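Note sheet for the following structure.
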Amino acid sequence: MTNFGFMELKTQFGKWSEHHKTLGVFVKREYKDGEVVITQDKLMQDYCEKYPDRLKSKHIRTFSKIDQKQREAVDFFFLIDNLEYQESNIESYDVGASNAEQITSIRLKFLLGSNLLILDHEYKTEGSFARTFCNLINSNNCVEDIINEIMDLESPLEEVGISKNDSGTVNIIVANDISYPDVIEDIEINEVYKSLVAVEIYKHTEIIH
(Lines give C-alpha, C1' and ligand atoms only; values in the text may rest on other atoms or scores of the structure.)
Protein backbone atom coordinates (compact mmCIF):
# COMPACT_ATOMS: atom_id res chain seq x y z
CA MET A 1 0.00 0.00 0.00
CA THR A 2 1.06 3.60 -0.65
CA ASN A 3 0.39 6.33 1.90
CA PHE A 4 -1.34 9.54 0.79
CA GLY A 5 -2.44 12.49 2.86
CA PHE A 6 -2.63 16.18 3.59
CA MET A 7 -1.97 17.50 7.11
CA GLU A 8 -4.15 15.33 9.42
CA LEU A 9 -5.95 13.65 6.53
CA LYS A 10 -4.48 10.20 5.77
CA THR A 11 -5.46 7.35 3.42
CA GLN A 12 -3.89 4.54 1.40
CA PHE A 13 -4.05 3.25 -2.17
CA GLY A 14 -2.62 0.07 -3.69
CA LYS A 15 1.04 -0.13 -4.72
CA TRP A 16 -0.02 0.76 -8.30
CA SER A 17 -0.30 4.39 -7.08
CA GLU A 18 3.34 4.80 -5.99
CA HIS A 19 4.25 6.94 -9.02
CA HIS A 20 1.26 9.28 -8.82
CA LYS A 21 2.32 12.46 -7.04
CA THR A 22 -1.24 13.47 -6.12
CA LEU A 23 -4.68 11.86 -6.24
CA GLY A 24 -8.15 13.29 -5.78
CA VAL A 25 -10.69 12.33 -3.10
CA PHE A 26 -14.38 12.92 -3.86
CA VAL A 27 -15.93 15.63 -1.66
CA LYS A 28 -19.00 17.04 -3.45
CA ARG A 29 -21.38 16.67 -6.41
CA GLU A 30 -23.48 19.58 -7.66
CA TYR A 31 -26.28 18.59 -10.04
CA LYS A 32 -27.38 21.07 -12.69
CA ASP A 33 -30.93 20.89 -11.29
CA GLY A 34 -29.72 22.20 -7.92
CA GLU A 35 -29.28 19.02 -5.86
CA VAL A 36 -25.99 18.87 -3.90
CA VAL A 37 -24.35 15.77 -2.41
CA ILE A 38 -21.45 16.46 -0.04
CA THR A 39 -19.07 14.36 2.04
CA GLN A 40 -20.01 13.85 5.67
CA ASP A 41 -16.35 13.83 6.71
CA LYS A 42 -16.06 16.91 8.95
CA LEU A 43 -12.26 17.12 8.58
CA MET A 44 -12.58 17.03 4.79
CA GLN A 45 -15.29 19.71 4.87
CA ASP A 46 -13.00 21.90 6.96
CA TYR A 47 -10.03 21.44 4.59
CA CYS A 48 -12.19 22.21 1.54
CA GLU A 49 -13.15 25.51 3.13
CA LYS A 50 -9.62 26.41 4.25
CA TYR A 51 -7.71 25.23 1.14
CA PRO A 52 -9.91 25.93 -1.93
CA ASP A 53 -6.82 25.83 -4.16
CA ARG A 54 -6.73 22.05 -3.60
CA LEU A 55 -10.24 21.57 -5.01
CA LYS A 56 -10.52 20.33 -8.59
CA SER A 57 -13.75 19.98 -10.57
CA LYS A 58 -14.90 17.64 -13.33
CA HIS A 59 -18.09 17.81 -15.40
CA ILE A 60 -19.95 14.49 -15.55
CA ARG A 61 -23.21 13.01 -16.77
CA THR A 62 -25.05 10.39 -14.70
CA PHE A 63 -27.59 7.83 -15.92
CA SER A 64 -30.38 6.27 -13.87
CA LYS A 65 -31.36 2.71 -14.76
CA ILE A 66 -34.63 3.20 -12.87
CA ASP A 67 -36.12 6.10 -14.84
CA GLN A 68 -33.72 5.98 -17.83
CA LYS A 69 -32.83 9.65 -17.35
CA GLN A 70 -29.51 11.47 -17.61
CA ARG A 71 -28.41 14.25 -15.29
CA GLU A 72 -25.55 16.69 -15.67
CA ALA A 73 -23.41 17.50 -12.66
CA VAL A 74 -20.02 18.74 -11.49
CA ASP A 75 -17.91 16.56 -9.19
CA PHE A 76 -15.37 18.12 -6.84
CA PHE A 77 -12.22 16.40 -5.60
CA PHE A 78 -9.72 17.38 -2.91
CA LEU A 79 -6.06 16.76 -3.79
CA ILE A 80 -3.98 14.66 -1.43
CA ASP A 81 -0.23 14.08 -1.70
CA ASN A 82 1.75 10.89 -2.13
CA LEU A 83 3.73 10.83 1.12
CA GLU A 84 6.18 8.28 -0.33
CA TYR A 85 6.71 9.80 -3.78
CA GLN A 86 10.26 9.38 -5.04
CA GLU A 87 11.57 12.30 -7.04
CA SER A 88 14.14 11.60 -9.74
CA ASN A 89 17.63 11.46 -8.22
CA ILE A 90 19.62 11.31 -11.47
CA GLU A 91 22.74 13.39 -10.80
CA SER A 92 25.00 11.56 -13.28
CA TYR A 93 24.59 8.93 -15.97
CA ASP A 94 27.79 7.43 -17.42
CA VAL A 95 27.57 5.74 -20.80
CA GLY A 96 29.61 2.68 -21.76
CA ALA A 97 31.44 2.23 -18.47
CA SER A 98 33.70 -0.81 -18.57
CA ASN A 99 32.66 -3.82 -16.49
CA ALA A 100 29.73 -1.93 -14.92
CA GLU A 101 26.64 -3.25 -13.20
CA GLN A 102 23.74 -0.85 -13.81
CA ILE A 103 20.27 -0.78 -12.29
CA THR A 104 17.90 1.72 -13.88
CA SER A 105 14.38 2.27 -12.48
CA ILE A 106 11.88 3.81 -14.88
CA ARG A 107 8.29 5.03 -14.98
CA LEU A 108 6.32 4.40 -18.17
CA LYS A 109 3.43 6.87 -18.52
CA PHE A 110 0.40 6.12 -20.69
CA LEU A 111 -2.27 8.78 -21.22
CA LEU A 112 -5.72 7.38 -22.03
CA GLY A 113 -8.05 10.32 -22.51
CA SER A 114 -7.36 12.42 -19.41
CA ASN A 115 -6.34 9.45 -17.28
CA LEU A 116 -2.80 8.29 -16.59
CA LEU A 117 -1.54 4.73 -16.26
CA ILE A 118 1.97 4.57 -14.77
CA LEU A 119 3.93 1.33 -14.82
CA ASP A 120 7.15 0.64 -12.95
CA HIS A 121 10.09 -1.24 -14.44
CA GLU A 122 13.62 -2.01 -13.27
CA TYR A 123 16.21 -2.51 -16.01
CA LYS A 124 19.40 -4.35 -15.01
CA THR A 125 22.60 -4.89 -16.98
CA GLU A 126 26.03 -6.13 -15.98
CA GLY A 127 29.39 -6.97 -17.49
CA SER A 128 31.87 -5.27 -19.75
CA PHE A 129 30.48 -2.14 -21.41
CA ALA A 130 27.01 -2.56 -19.98
CA ARG A 131 24.13 -1.49 -22.20
CA THR A 132 22.51 1.86 -21.47
CA PHE A 133 18.80 2.56 -21.29
CA CYS A 134 19.13 4.14 -24.73
CA ASN A 135 19.98 0.70 -26.10
CA LEU A 136 16.78 -0.65 -24.61
CA ILE A 137 14.37 1.96 -25.95
CA ASN A 138 15.93 1.78 -29.42
CA SER A 139 15.27 -1.96 -29.62
CA ASN A 140 12.18 -3.35 -31.35
CA ASN A 141 9.05 -3.97 -29.27
CA CYS A 142 10.64 -2.43 -26.16
CA VAL A 143 7.41 -1.19 -24.58
CA GLU A 144 5.53 -4.37 -25.45
CA ASP A 145 8.28 -6.51 -23.91
CA ILE A 146 8.27 -4.48 -20.67
CA ILE A 147 4.48 -4.63 -20.31
CA ASN A 148 4.43 -8.37 -21.02
CA GLU A 149 7.19 -8.88 -18.46
CA ILE A 150 5.10 -7.03 -15.86
CA MET A 151 1.96 -9.02 -16.68
CA ASP A 152 3.82 -12.34 -16.77
CA LEU A 153 4.54 -11.88 -13.06
CA GLU A 154 0.79 -12.39 -12.56
CA SER A 155 0.81 -9.90 -9.71
CA PRO A 156 -2.59 -8.57 -8.53
CA LEU A 157 -3.99 -5.55 -10.38
CA GLU A 158 -3.78 -3.50 -7.17
CA GLU A 159 -0.06 -4.23 -7.04
CA VAL A 160 1.16 -3.28 -10.52
CA GLY A 161 -1.74 -1.49 -12.21
CA ILE A 162 -2.21 -3.87 -15.17
CA SER A 163 -3.35 -7.48 -15.58
CA LYS A 164 -4.32 -9.62 -18.55
CA ASN A 165 -7.55 -11.51 -19.15
CA ASP A 166 -8.08 -14.91 -20.73
CA SER A 167 -9.68 -13.13 -23.70
CA GLY A 168 -6.42 -11.34 -24.51
CA THR A 169 -7.56 -7.94 -23.26
CA VAL A 170 -6.21 -6.23 -20.13
CA ASN A 171 -7.51 -4.42 -17.07
CA ILE A 172 -5.72 -1.26 -15.91
CA ILE A 173 -5.93 1.23 -13.04
CA VAL A 174 -5.83 4.86 -14.17
CA ALA A 175 -5.88 8.15 -12.30
CA ASN A 176 -5.28 11.86 -12.67
CA ASP A 177 -4.97 14.82 -10.31
CA ILE A 178 -8.62 15.79 -10.77
CA SER A 179 -10.69 12.69 -10.11
CA TYR A 180 -10.63 9.48 -8.13
CA PRO A 181 -8.78 6.39 -9.52
CA ASP A 182 -10.74 4.19 -11.89
CA VAL A 183 -10.43 0.67 -13.29
CA ILE A 184 -10.75 0.24 -17.07
CA GLU A 185 -11.68 -3.35 -17.91
CA ASP A 186 -11.26 -5.33 -21.11
CA ILE A 187 -9.20 -2.76 -22.99
CA GLU A 188 -7.20 -3.87 -26.03
CA ILE A 189 -3.48 -4.06 -25.26
CA ASN A 190 -2.66 -2.14 -28.46
CA GLU A 191 -4.58 0.85 -27.06
CA VAL A 192 -2.20 0.84 -24.11
CA TYR A 193 0.90 0.57 -26.32
CA LYS A 194 -0.20 3.50 -28.48
CA SER A 195 -0.98 5.75 -25.51
CA LEU A 196 2.65 5.95 -24.27
CA VAL A 197 3.54 9.61 -23.67
CA ALA A 198 6.65 9.52 -21.47
CA VAL A 199 9.40 7.35 -20.04
CA GLU A 200 11.16 8.75 -16.97
CA ILE A 201 14.28 7.44 -15.28
CA TYR A 202 13.72 8.11 -11.58
CA LYS A 203 16.59 6.13 -10.08
CA HIS A 204 19.93 4.90 -11.44
CA THR A 205 22.82 3.16 -9.72
CA GLU A 206 26.09 1.99 -11.19
CA ILE A 207 28.70 -0.31 -9.64
CA ILE A 208 32.11 -0.52 -11.32
CA HIS A 209 33.76 -3.90 -10.74
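For the C-alpha coordinates, the naming scheme is as follows: chains receive sequential letters (A, B, ...) according to their order of presentation, residues are indexed from 1 within each chain, and ligands are indexed from 1 in presentation order.
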
Env of A:Asp41: 12 Å cut, atoms = only C-alpha atoms, seq-sep filter 6 positions within chain, self excluded. Answer as a PDB file with N, CA and C atoms, in the first residue's frame.
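This went into out-v3.pdb:
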```pdb
ATOM      1  N   LEU A   9      -5.206  14.576   7.369  1.00  0.00           N
ATOM      2  CA  LEU A   9      -5.949  13.650   6.527  1.00  0.00           C
ATOM      3  C   LEU A   9      -5.015  12.582   5.978  1.00  0.00           C
ATOM      4  N   VAL A  25      -9.676  13.004  -3.917  1.00  0.00           N
ATOM      5  CA  VAL A  25     -10.685  12.327  -3.101  1.00  0.00           C
ATOM      6  C   VAL A  25     -12.015  13.057  -3.283  1.00  0.00           C
ATOM      7  N   PHE A  26     -13.067  12.310  -3.605  1.00  0.00           N
ATOM      8  CA  PHE A  26     -14.375  12.916  -3.858  1.00  0.00           C
ATOM      9  C   PHE A  26     -14.902  13.630  -2.611  1.00  0.00           C
ATOM     10  N   VAL A  27     -15.389  14.867  -2.799  1.00  0.00           N
ATOM     11  CA  VAL A  27     -15.933  15.628  -1.662  1.00  0.00           C
ATOM     12  C   VAL A  27     -17.325  16.193  -1.919  1.00  0.00           C
ATOM     13  N   LYS A  28     -17.688  16.418  -3.202  1.00  0.00           N
ATOM     14  CA  LYS A  28     -18.998  17.035  -3.451  1.00  0.00           C
ATOM     15  C   LYS A  28     -19.446  16.816  -4.888  1.00  0.00           C
ATOM     16  N   TYR A  47     -11.157  21.214   5.489  1.00  0.00           N
ATOM     17  CA  TYR A  47     -10.034  21.442   4.591  1.00  0.00           C
ATOM     18  C   TYR A  47     -10.498  22.062   3.266  1.00  0.00           C
ATOM     19  N   CYS A  48     -11.664  21.644   2.784  1.00  0.00           N
ATOM     20  CA  CYS A  48     -12.190  22.210   1.536  1.00  0.00           C
ATOM     21  C   CYS A  48     -12.433  23.709   1.687  1.00  0.00           C
TER      22      CYS A  48
END
```

Interface rows for stretch 27-83 of chain A against stretch 174-195 of chain A: nearest pair, Å to one decimal, 9 Å, only C-alpha atoms, as CSV:
```
residue,atom,partner,partner_atom,distance
A:Leu55,CA,A:Ile178,CA,8.3
A:Lys56,CA,A:Ile178,CA,5.4
A:Ser57,CA,A:Ile178,CA,6.6
A:Lys58,CA,A:Ile178,CA,7.0
A:Asp75,CA,A:Ser179,CA,8.2
A:Phe76,CA,A:Ser179,CA,7.9
A:Phe77,CA,A:Ser179,CA,6.0
A:Phe78,CA,A:Ile178,CA,8.1
A:Leu79,CA,A:Asp177,CA,6.9
A:Ile80,CA,A:Asp177,CA,8.9
```

Selected residues, N, CA, C and O atoms, written as a PDB file, in the first residue's frame, please.
```pdb
ATOM      1  N   LEU A  55      -9.015  22.129  -4.436  1.00  0.00           N
ATOM      2  CA  LEU A  55     -10.236  21.571  -5.007  1.00  0.00           C
ATOM      3  C   LEU A  55     -10.148  21.575  -6.530  1.00  0.00           C
ATOM      4  O   LEU A  55      -9.792  22.576  -7.135  1.00  0.00           O
ATOM      5  N   LYS A  56     -10.480  20.446  -7.135  1.00  0.00           N
ATOM      6  CA  LYS A  56     -10.520  20.334  -8.588  1.00  0.00           C
ATOM      7  C   LYS A  56     -11.919  19.866  -8.990  1.00  0.00           C
ATOM      8  O   LYS A  56     -12.552  19.071  -8.283  1.00  0.00           O
ATOM      9  N   SER A  57     -12.393  20.329 -10.132  1.00  0.00           N
ATOM     10  CA  SER A  57     -13.750  19.977 -10.567  1.00  0.00           C
ATOM     11  C   SER A  57     -13.721  19.211 -11.887  1.00  0.00           C
ATOM     12  O   SER A  57     -12.787  19.344 -12.685  1.00  0.00           O
ATOM     13  N   LYS A  58     -14.773  18.437 -12.103  1.00  0.00           N
ATOM     14  CA  LYS A  58     -14.899  17.642 -13.325  1.00  0.00           C
ATOM     15  C   LYS A  58     -16.369  17.534 -13.690  1.00  0.00           C
ATOM     16  O   LYS A  58     -17.198  17.116 -12.870  1.00  0.00           O
ATOM     17  N   ASP A  75     -18.514  17.214 -10.352  1.00  0.00           N
ATOM     18  CA  ASP A  75     -17.908  16.556  -9.190  1.00  0.00           C
ATOM     19  C   ASP A  75     -16.700  17.367  -8.737  1.00  0.00           C
ATOM     20  O   ASP A  75     -15.950  17.904  -9.553  1.00  0.00           O
ATOM     21  N   PHE A  76     -16.506  17.417  -7.413  1.00  0.00           N
ATOM     22  CA  PHE A  76     -15.368  18.124  -6.837  1.00  0.00           C
ATOM     23  C   PHE A  76     -14.502  17.136  -6.069  1.00  0.00           C
ATOM     24  O   PHE A  76     -15.008  16.281  -5.332  1.00  0.00           O
ATOM     25  N   PHE A  77     -13.176  17.282  -6.244  1.00  0.00           N
ATOM     26  CA  PHE A  77     -12.218  16.396  -5.603  1.00  0.00           C
ATOM     27  C   PHE A  77     -11.172  17.224  -4.867  1.00  0.00           C
ATOM     28  O   PHE A  77     -10.752  18.284  -5.345  1.00  0.00           O
ATOM     29  N   PHE A  78     -10.756  16.714  -3.712  1.00  0.00           N
ATOM     30  CA  PHE A  78      -9.719  17.377  -2.912  1.00  0.00           C
ATOM     31  C   PHE A  78      -8.403  16.636  -3.128  1.00  0.00           C
ATOM     32  O   PHE A  78      -8.335  15.416  -2.975  1.00  0.00           O
ATOM     33  N   LEU A  79      -7.354  17.381  -3.497  1.00  0.00           N
ATOM     34  CA  LEU A  79      -6.065  16.764  -3.785  1.00  0.00           C
ATOM     35  C   LEU A  79      -5.325  16.359  -2.518  1.00  0.00           C
ATOM     36  O   LEU A  79      -5.211  17.145  -1.573  1.00  0.00           O
ATOM     37  N   ILE A  80      -4.825  15.128  -2.513  1.00  0.00           N
ATOM     38  CA  ILE A  80      -3.976  14.659  -1.427  1.00  0.00           C
ATOM     39  C   ILE A  80      -2.646  14.213  -2.013  1.00  0.00           C
ATOM     40  O   ILE A  80      -2.564  13.799  -3.171  1.00  0.00           O
TER      41      ILE A  80
END
```

Cut-off 10 Å: closest stretch 9-69 of chain A/stretch 117-123 of chain A atom pairs per residue, using only C-alpha atoms, as a tab-separated table:
```
residue	atom	partner	partner_atom	distance
A:Trp16	CA	A:Leu119	CA	7.6
A:Ser17	CA	A:Ile118	CA	8.0
A:Glu18	CA	A:Ile118	CA	8.9
A:His19	CA	A:Ile118	CA	6.6
A:His20	CA	A:Ile118	CA	7.6
```

May I have the residues from that selection written out with N, CA, C and O atoms, as a short mmCIF file (atom, residue, chain, number, x, y, z; two decimals), in the first residue's frame?
```cif
data_model
loop_
_atom_site.label_atom_id
_atom_site.label_comp_id
_atom_site.auth_asym_id
_atom_site.auth_seq_id
_atom_site.Cartn_x
_atom_site.Cartn_y
_atom_site.Cartn_z
N TRP A 16 0.04 0.21 -6.95
CA TRP A 16 -0.02 0.76 -8.30
C TRP A 16 0.12 2.28 -8.28
O TRP A 16 0.54 2.89 -9.27
N SER A 17 -0.24 2.93 -7.17
CA SER A 17 -0.30 4.39 -7.08
C SER A 17 1.03 5.04 -6.72
O SER A 17 1.11 6.27 -6.62
N GLU A 18 2.09 4.26 -6.53
CA GLU A 18 3.34 4.80 -5.99
C GLU A 18 3.97 5.88 -6.85
O GLU A 18 4.75 6.70 -6.35
N HIS A 19 3.65 5.93 -8.14
CA HIS A 19 4.25 6.94 -9.02
C HIS A 19 3.31 8.10 -9.35
O HIS A 19 3.61 8.92 -10.21
N HIS A 20 2.16 8.14 -8.69
CA HIS A 20 1.26 9.28 -8.82
C HIS A 20 1.56 10.26 -7.69
O HIS A 20 1.48 9.91 -6.52
#
```

(request) Find the residues around A:Arg71 up to 10 Å (only C-alpha atoms counted), leave out those fewer than 5 positions away in its own chain, and share them as a VMD selection string. (result) chain A and resid 31 to 33 60 to 64
